[in-house]
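Quick notes on the structure that follows.
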Number of protein chains: 2
Amino acid sequence: MPTQLELDNQLCFALYSASRAMTAAYAPLLDALGLTYPQYLVMLVLWERDGERVSQIGKRLHLDSATLTPLLKRLETRGVITRRRSTEDERVVEVFLTAAGKKLEKRAADVPACIFERSGLTVAELTRLRTQITTLTARLRGPTDS
Amino acid sequence: MPTQLELDNQLCFALYSASRAMTAAYAPLLDALGLTYPQYLVMLVLWERDGERVSQIGKRLHLDSATLTPLLKRLETRGVITRRRSTEDERVVEVFLTAAGKKLEKRAADVPACIFERSGLTVAELTRLRTQITTLTARLRGPTDS
DNA sequence: CGCAAGTCAATCGTGTACGATTTACTTTAT
DNA sequence: ATAAAGTAAATCGTACACGATTGACTTGCG
């Protein structure tokens, strides 16, 4: 059992570094689309299903309204989404893609492949690594988490 | 080659989620030590080698002074480090552990093992996963990076 | 020697993250 | 029917990240 406090032995540091390196790799590509990395993640959710509630987007990305509300306001200012309070339940805010937001999906289509090239992984390796990381994430969050 | 824009197929999202889940898992343990997660990483660097310059800490963690300067000031306020301008080179600021900062190392010793338990990984699996993630990180940063 | 180029930390501005609280609305249980 | 409990988003405060600039100091080159 590894109990050492050495930086390079720590899985947590490897993940932290990898996540920031990934964000940095995406940054120039997303910049061309006028998106930050977390904004891109929100767009991914909306491209899968338009009109999602703030809370649903939050569940998908594990982010709360304190993060999402200002982020969504910036996306609205950019003109790629609109926010509308539901008439059935006035507590809920639904988020919709604009025409510009829908158009952006095509331009974003080759972004992941571009990063994949740089990763030097085979498809099988990538899939395996992604699965392992996802399993780890679930374990870290604990059994109480959905 | 995976070109889909689906959230769950994206390695980037898996890494982003895992990194945040890891930070969340550490948070309660580090809170008992009065540290945030990035502050803990800085302490790891200093526990390995005391008196490191700001730029060296930055190289180790891939963080720049815009992030480190305020973080180090907070650690100084907490009383676990001191910052001293080098007399040989007045541009350089060296960071030293206080007695309290050195004492903290013992209390931090069992933190990684605590997380390791929760990960459900064997030591071999953890090592392999960490290596794969580190390799990926290096590739993402590109060949120009040290 | 003397100044241009380089280096190092600090600062500024913007954009996440997240715990905690607030406000508005809805549902539930009397 | 209504007060209590619950839920959804917004807000507030603190702490990263990072691009870009600034200011102080050092080095190197003519």
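Lettering and numbering for the structure tokens are positional, with chains as A, B, ... in the shown order, residues counted from 1 in each chain, and ligands counted from 1 in the shown order.
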
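These are the residues of chain A assigned strand (DSSP E) by DSSP from backbone coordinates: Ile81, Thr82, Arg83, Arg84, Arg85, Val93, Glu94, Val95, Phe96 and Leu97 of chain A.
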
With the cut-off set at 12 Å and counting only C-alpha atoms (C1' of nucleotides), tabulate each residue of chain B with an atom at most that distance from an atom of chain C, showing the nearest atom pair and its distance in Å to one decimal, ordered by chain and increasing number, as CSV.
residue,atom,partner,partner_atom,distance
B:Arg20,CA,C:DA17,C1',9.1
B:Ala21,CA,C:DA17,C1',11.9
B:Thr23,CA,C:DA17,C1',10.9
B:Ala24,CA,C:DC18,C1',9.7
B:Ala27,CA,C:DC18,C1',11.0
B:Arg53,CA,C:DC8,C1',9.8
B:Val54,CA,C:DA9,C1',7.9
B:Ser55,CA,C:DC8,C1',7.5
B:Gln56,CA,C:DC8,C1',10.9
B:Gly58,CA,C:DA9,C1',11.4
B:Asp64,CA,C:DA9,C1',9.7
B:Ser65,CA,C:DA9,C1',6.5
B:Ala66,CA,C:DA10,C1',7.5
B:Thr67,CA,C:DA10,C1',10.5
B:Leu68,CA,C:DA9,C1',9.7
B:Thr69,CA,C:DA10,C1',7.3
B:Pro70,CA,C:DA10,C1',9.3
B:Leu72,CA,C:DA9,C1',11.9
B:Lys73,CA,C:DA10,C1',11.6
B:Arg83,CA,C:DA9,C1',11.7
B:Arg84,CA,C:DA9,C1',11.8
B:Arg85,CA,C:DA9,C1',9.9
B:Ser86,CA,C:DC8,C1',11.3
B:Asp89,CA,C:DC8,C1',9.5
B:Glu90,CA,C:DC8,C1',8.9
B:Arg91,CA,C:DC8,C1',5.1
B:Val92,CA,C:DC8,C1',5.9
B:Val93,CA,C:DA9,C1',7.3
B:Glu94,CA,C:DA9,C1',10.7

Exercise for review: Would you kindly report the residues of chain A within 8 Å of chain B, using only C-alpha atoms, as a PyMOL selection string?
Suggested key: chain A and resi 1-7+9-19+21-23+25+41+44-45+48+61-62+109-110+112-113+115+118-120+123+126+129-130+133-134+136-137+139-142

Chain D residues near chain A within 10 Å, closest pair each, using only C-alpha atoms (C1' of nucleotides), as a tab-separated table:
residue	atom	partner	partner_atom	distance
D:DT7	C1'	A:Arg91	CA	8.1
D:DA8	C1'	A:Arg91	CA	5.0
D:DA9	C1'	A:Ser65	CA	6.5
D:DA10	C1'	A:Thr69	CA	7.3
D:DT11	C1'	A:Ala66	CA	7.9
D:DC12	C1'	A:Ala66	CA	9.6
D:DA17	C1'	A:Arg20	CA	9.0
D:DC18	C1'	A:Ala24	CA	9.6

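Put simply, atom C1' of D:DA24 is 20.9 Å away from atom CA of B:Ile57.
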
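We find atom CA of B:Val80 and atom CA of B:Leu46 to be spaced 10.6 Å apart.
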
Review point. If you run DSSP on this backbone, which residues of stretch 9-139 of chain B come out as alpha helix (DSSP H), and could you give them as a PyMOL selection string?
Key: chain B and resi 11-31+37-48+54-61+65-78+99-108+111-119+123-139

Residues of the last selection are to be written out with C-alpha atoms, as a PDB file, in the first residue's frame.
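Okay, again_32.pdb is ready:
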ATOM      1  CA  LEU B  11     -11.882  11.158 -22.266  1.00  0.00           C
ATOM      2  CA  CYS B  12     -11.593  14.855 -21.477  1.00  0.00           C
ATOM      3  CA  PHE B  13     -14.798  14.766 -19.461  1.00  0.00           C
ATOM      4  CA  ALA B  14     -13.743  11.599 -17.648  1.00  0.00           C
ATOM      5  CA  LEU B  15     -10.501  13.307 -16.595  1.00  0.00           C
ATOM      6  CA  TYR B  16     -12.266  16.513 -15.643  1.00  0.00           C
ATOM      7  CA  SER B  17     -14.765  14.604 -13.505  1.00  0.00           C
ATOM      8  CA  ALA B  18     -12.144  12.366 -11.945  1.00  0.00           C
ATOM      9  CA  SER B  19      -9.962  15.308 -11.000  1.00  0.00           C
ATOM     10  CA  ARG B  20     -12.831  17.101  -9.323  1.00  0.00           C
ATOM     11  CA  ALA B  21     -14.026  13.918  -7.582  1.00  0.00           C
ATOM     12  CA  MET B  22     -10.492  13.353  -6.298  1.00  0.00           C
ATOM     13  CA  THR B  23     -10.300  16.916  -4.975  1.00  0.00           C
ATOM     14  CA  ALA B  24     -13.684  16.459  -3.306  1.00  0.00           C
ATOM     15  CA  ALA B  25     -12.498  13.194  -1.726  1.00  0.00           C
ATOM     16  CA  TYR B  26      -9.391  14.884  -0.327  1.00  0.00           C
ATOM     17  CA  ALA B  27     -11.250  17.994   0.868  1.00  0.00           C
ATOM     18  CA  PRO B  28     -12.548  16.735   4.242  1.00  0.00           C
ATOM     19  CA  LEU B  29      -9.189  15.120   5.089  1.00  0.00           C
ATOM     20  CA  LEU B  30      -7.217  18.228   4.146  1.00  0.00           C
ATOM     21  CA  ASP B  31      -9.702  20.468   5.892  1.00  0.00           C
ATOM     22  CA  TYR B  37      -6.009  20.721  -2.300  1.00  0.00           C
ATOM     23  CA  PRO B  38      -3.649  22.997  -4.310  1.00  0.00           C
ATOM     24  CA  GLN B  39      -2.095  24.150  -1.028  1.00  0.00           C
ATOM     25  CA  TYR B  40      -1.501  20.470  -0.168  1.00  0.00           C
ATOM     26  CA  LEU B  41       0.328  19.999  -3.479  1.00  0.00           C
ATOM     27  CA  VAL B  42       2.614  22.936  -2.661  1.00  0.00           C
ATOM     28  CA  MET B  43       3.282  21.408   0.757  1.00  0.00           C
ATOM     29  CA  LEU B  44       4.167  18.073  -0.922  1.00  0.00           C
ATOM     30  CA  VAL B  45       6.800  19.905  -2.967  1.00  0.00           C
ATOM     31  CA  LEU B  46       8.225  21.602   0.130  1.00  0.00           C
ATOM     32  CA  TRP B  47       8.206  18.410   2.202  1.00  0.00           C
ATOM     33  CA  GLU B  48      10.366  16.884  -0.530  1.00  0.00           C
ATOM     34  CA  VAL B  54       8.486  30.080  -6.407  1.00  0.00           C
ATOM     35  CA  SER B  55       9.519  29.339 -10.000  1.00  0.00           C
ATOM     36  CA  GLN B  56      10.651  25.806  -9.048  1.00  0.00           C
ATOM     37  CA  ILE B  57       7.387  25.065  -7.285  1.00  0.00           C
ATOM     38  CA  GLY B  58       5.661  26.347 -10.400  1.00  0.00           C
ATOM     39  CA  LYS B  59       7.688  24.058 -12.642  1.00  0.00           C
ATOM     40  CA  ARG B  60       6.885  21.072 -10.468  1.00  0.00           C
ATOM     41  CA  LEU B  61       3.130  21.735 -10.397  1.00  0.00           C
ATOM     42  CA  SER B  65       3.116  33.000 -10.208  1.00  0.00           C
ATOM     43  CA  ALA B  66      -0.357  34.418 -10.769  1.00  0.00           C
ATOM     44  CA  THR B  67      -1.715  31.300  -9.052  1.00  0.00           C
ATOM     45  CA  LEU B  68       1.144  30.656  -6.645  1.00  0.00           C
ATOM     46  CA  THR B  69       1.759  34.117  -5.199  1.00  0.00           C
ATOM     47  CA  PRO B  70      -1.684  34.515  -3.584  1.00  0.00           C
ATOM     48  CA  LEU B  71      -1.747  30.817  -2.594  1.00  0.00           C
ATOM     49  CA  LEU B  72       1.659  31.123  -0.878  1.00  0.00           C
ATOM     50  CA  LYS B  73       0.506  34.277   0.894  1.00  0.00           C
ATOM     51  CA  ARG B  74      -2.432  32.321   2.288  1.00  0.00           C
ATOM     52  CA  LEU B  75      -0.087  29.510   3.420  1.00  0.00           C
ATOM     53  CA  GLU B  76       2.092  32.162   5.066  1.00  0.00           C
ATOM     54  CA  THR B  77      -0.935  33.631   6.840  1.00  0.00           C
ATOM     55  CA  ARG B  78      -1.779  30.090   8.045  1.00  0.00           C
ATOM     56  CA  ALA B  99       8.019  24.329  12.444  1.00  0.00           C
ATOM     57  CA  ALA B 100       4.234  24.032  12.127  1.00  0.00           C
ATOM     58  CA  GLY B 101       4.625  23.292   8.405  1.00  0.00           C
ATOM     59  CA  LYS B 102       7.108  20.507   9.125  1.00  0.00           C
ATOM     60  CA  LYS B 103       4.869  19.052  11.813  1.00  0.00           C
ATOM     61  CA  LEU B 104       2.001  18.932   9.348  1.00  0.00           C
ATOM     62  CA  GLU B 105       3.845  16.316   7.262  1.00  0.00           C
ATOM     63  CA  LYS B 106       3.311  13.610   9.871  1.00  0.00           C
ATOM     64  CA  ARG B 107      -0.381  14.386  10.089  1.00  0.00           C
ATOM     65  CA  ALA B 108      -0.644  14.255   6.292  1.00  0.00           C
ATOM     66  CA  VAL B 111      -4.101  10.888   3.736  1.00  0.00           C
ATOM     67  CA  PRO B 112      -3.112   9.152   0.457  1.00  0.00           C
ATOM     68  CA  ALA B 113      -3.712   5.688   1.917  1.00  0.00           C
ATOM     69  CA  CYS B 114      -7.158   6.801   3.005  1.00  0.00           C
ATOM     70  CA  ILE B 115      -8.035   7.729  -0.573  1.00  0.00           C
ATOM     71  CA  PHE B 116      -6.348   4.605  -1.919  1.00  0.00           C
ATOM     72  CA  GLU B 117      -8.734   2.452   0.143  1.00  0.00           C
ATOM     73  CA  ARG B 118     -11.696   4.149  -1.422  1.00  0.00           C
ATOM     74  CA  SER B 119     -10.310   3.721  -4.959  1.00  0.00           C
ATOM     75  CA  VAL B 123      -1.255  -1.241  -5.994  1.00  0.00           C
ATOM     76  CA  ALA B 124      -0.357  -2.652  -9.412  1.00  0.00           C
ATOM     77  CA  GLU B 125      -3.502  -1.215 -10.989  1.00  0.00           C
ATOM     78  CA  LEU B 126      -2.922   2.160  -9.382  1.00  0.00           C
ATOM     79  CA  THR B 127       0.675   2.280 -10.591  1.00  0.00           C
ATOM     80  CA  ARG B 128      -0.326   1.296 -14.093  1.00  0.00           C
ATOM     81  CA  LEU B 129      -3.137   3.828 -14.239  1.00  0.00           C
ATOM     82  CA  ARG B 130      -0.932   6.610 -12.898  1.00  0.00           C
ATOM     83  CA  THR B 131       1.725   5.831 -15.490  1.00  0.00           C
ATOM     84  CA  GLN B 132      -0.789   5.843 -18.336  1.00  0.00           C
ATOM     85  CA  ILE B 133      -2.233   9.159 -17.216  1.00  0.00           C
ATOM     86  CA  THR B 134       1.228  10.690 -16.823  1.00  0.00           C
ATOM     87  CA  THR B 135       2.220   9.535 -20.314  1.00  0.00           C
ATOM     88  CA  LEU B 136      -0.981  10.980 -21.733  1.00  0.00           C
ATOM     89  CA  THR B 137      -0.324  14.285 -19.964  1.00  0.00           C
ATOM     90  CA  ALA B 138       3.155  14.513 -21.473  1.00  0.00           C
ATOM     91  CA  ARG B 139       1.756  13.866 -24.952  1.00  0.00           C
TER      92      ARG B 139
END
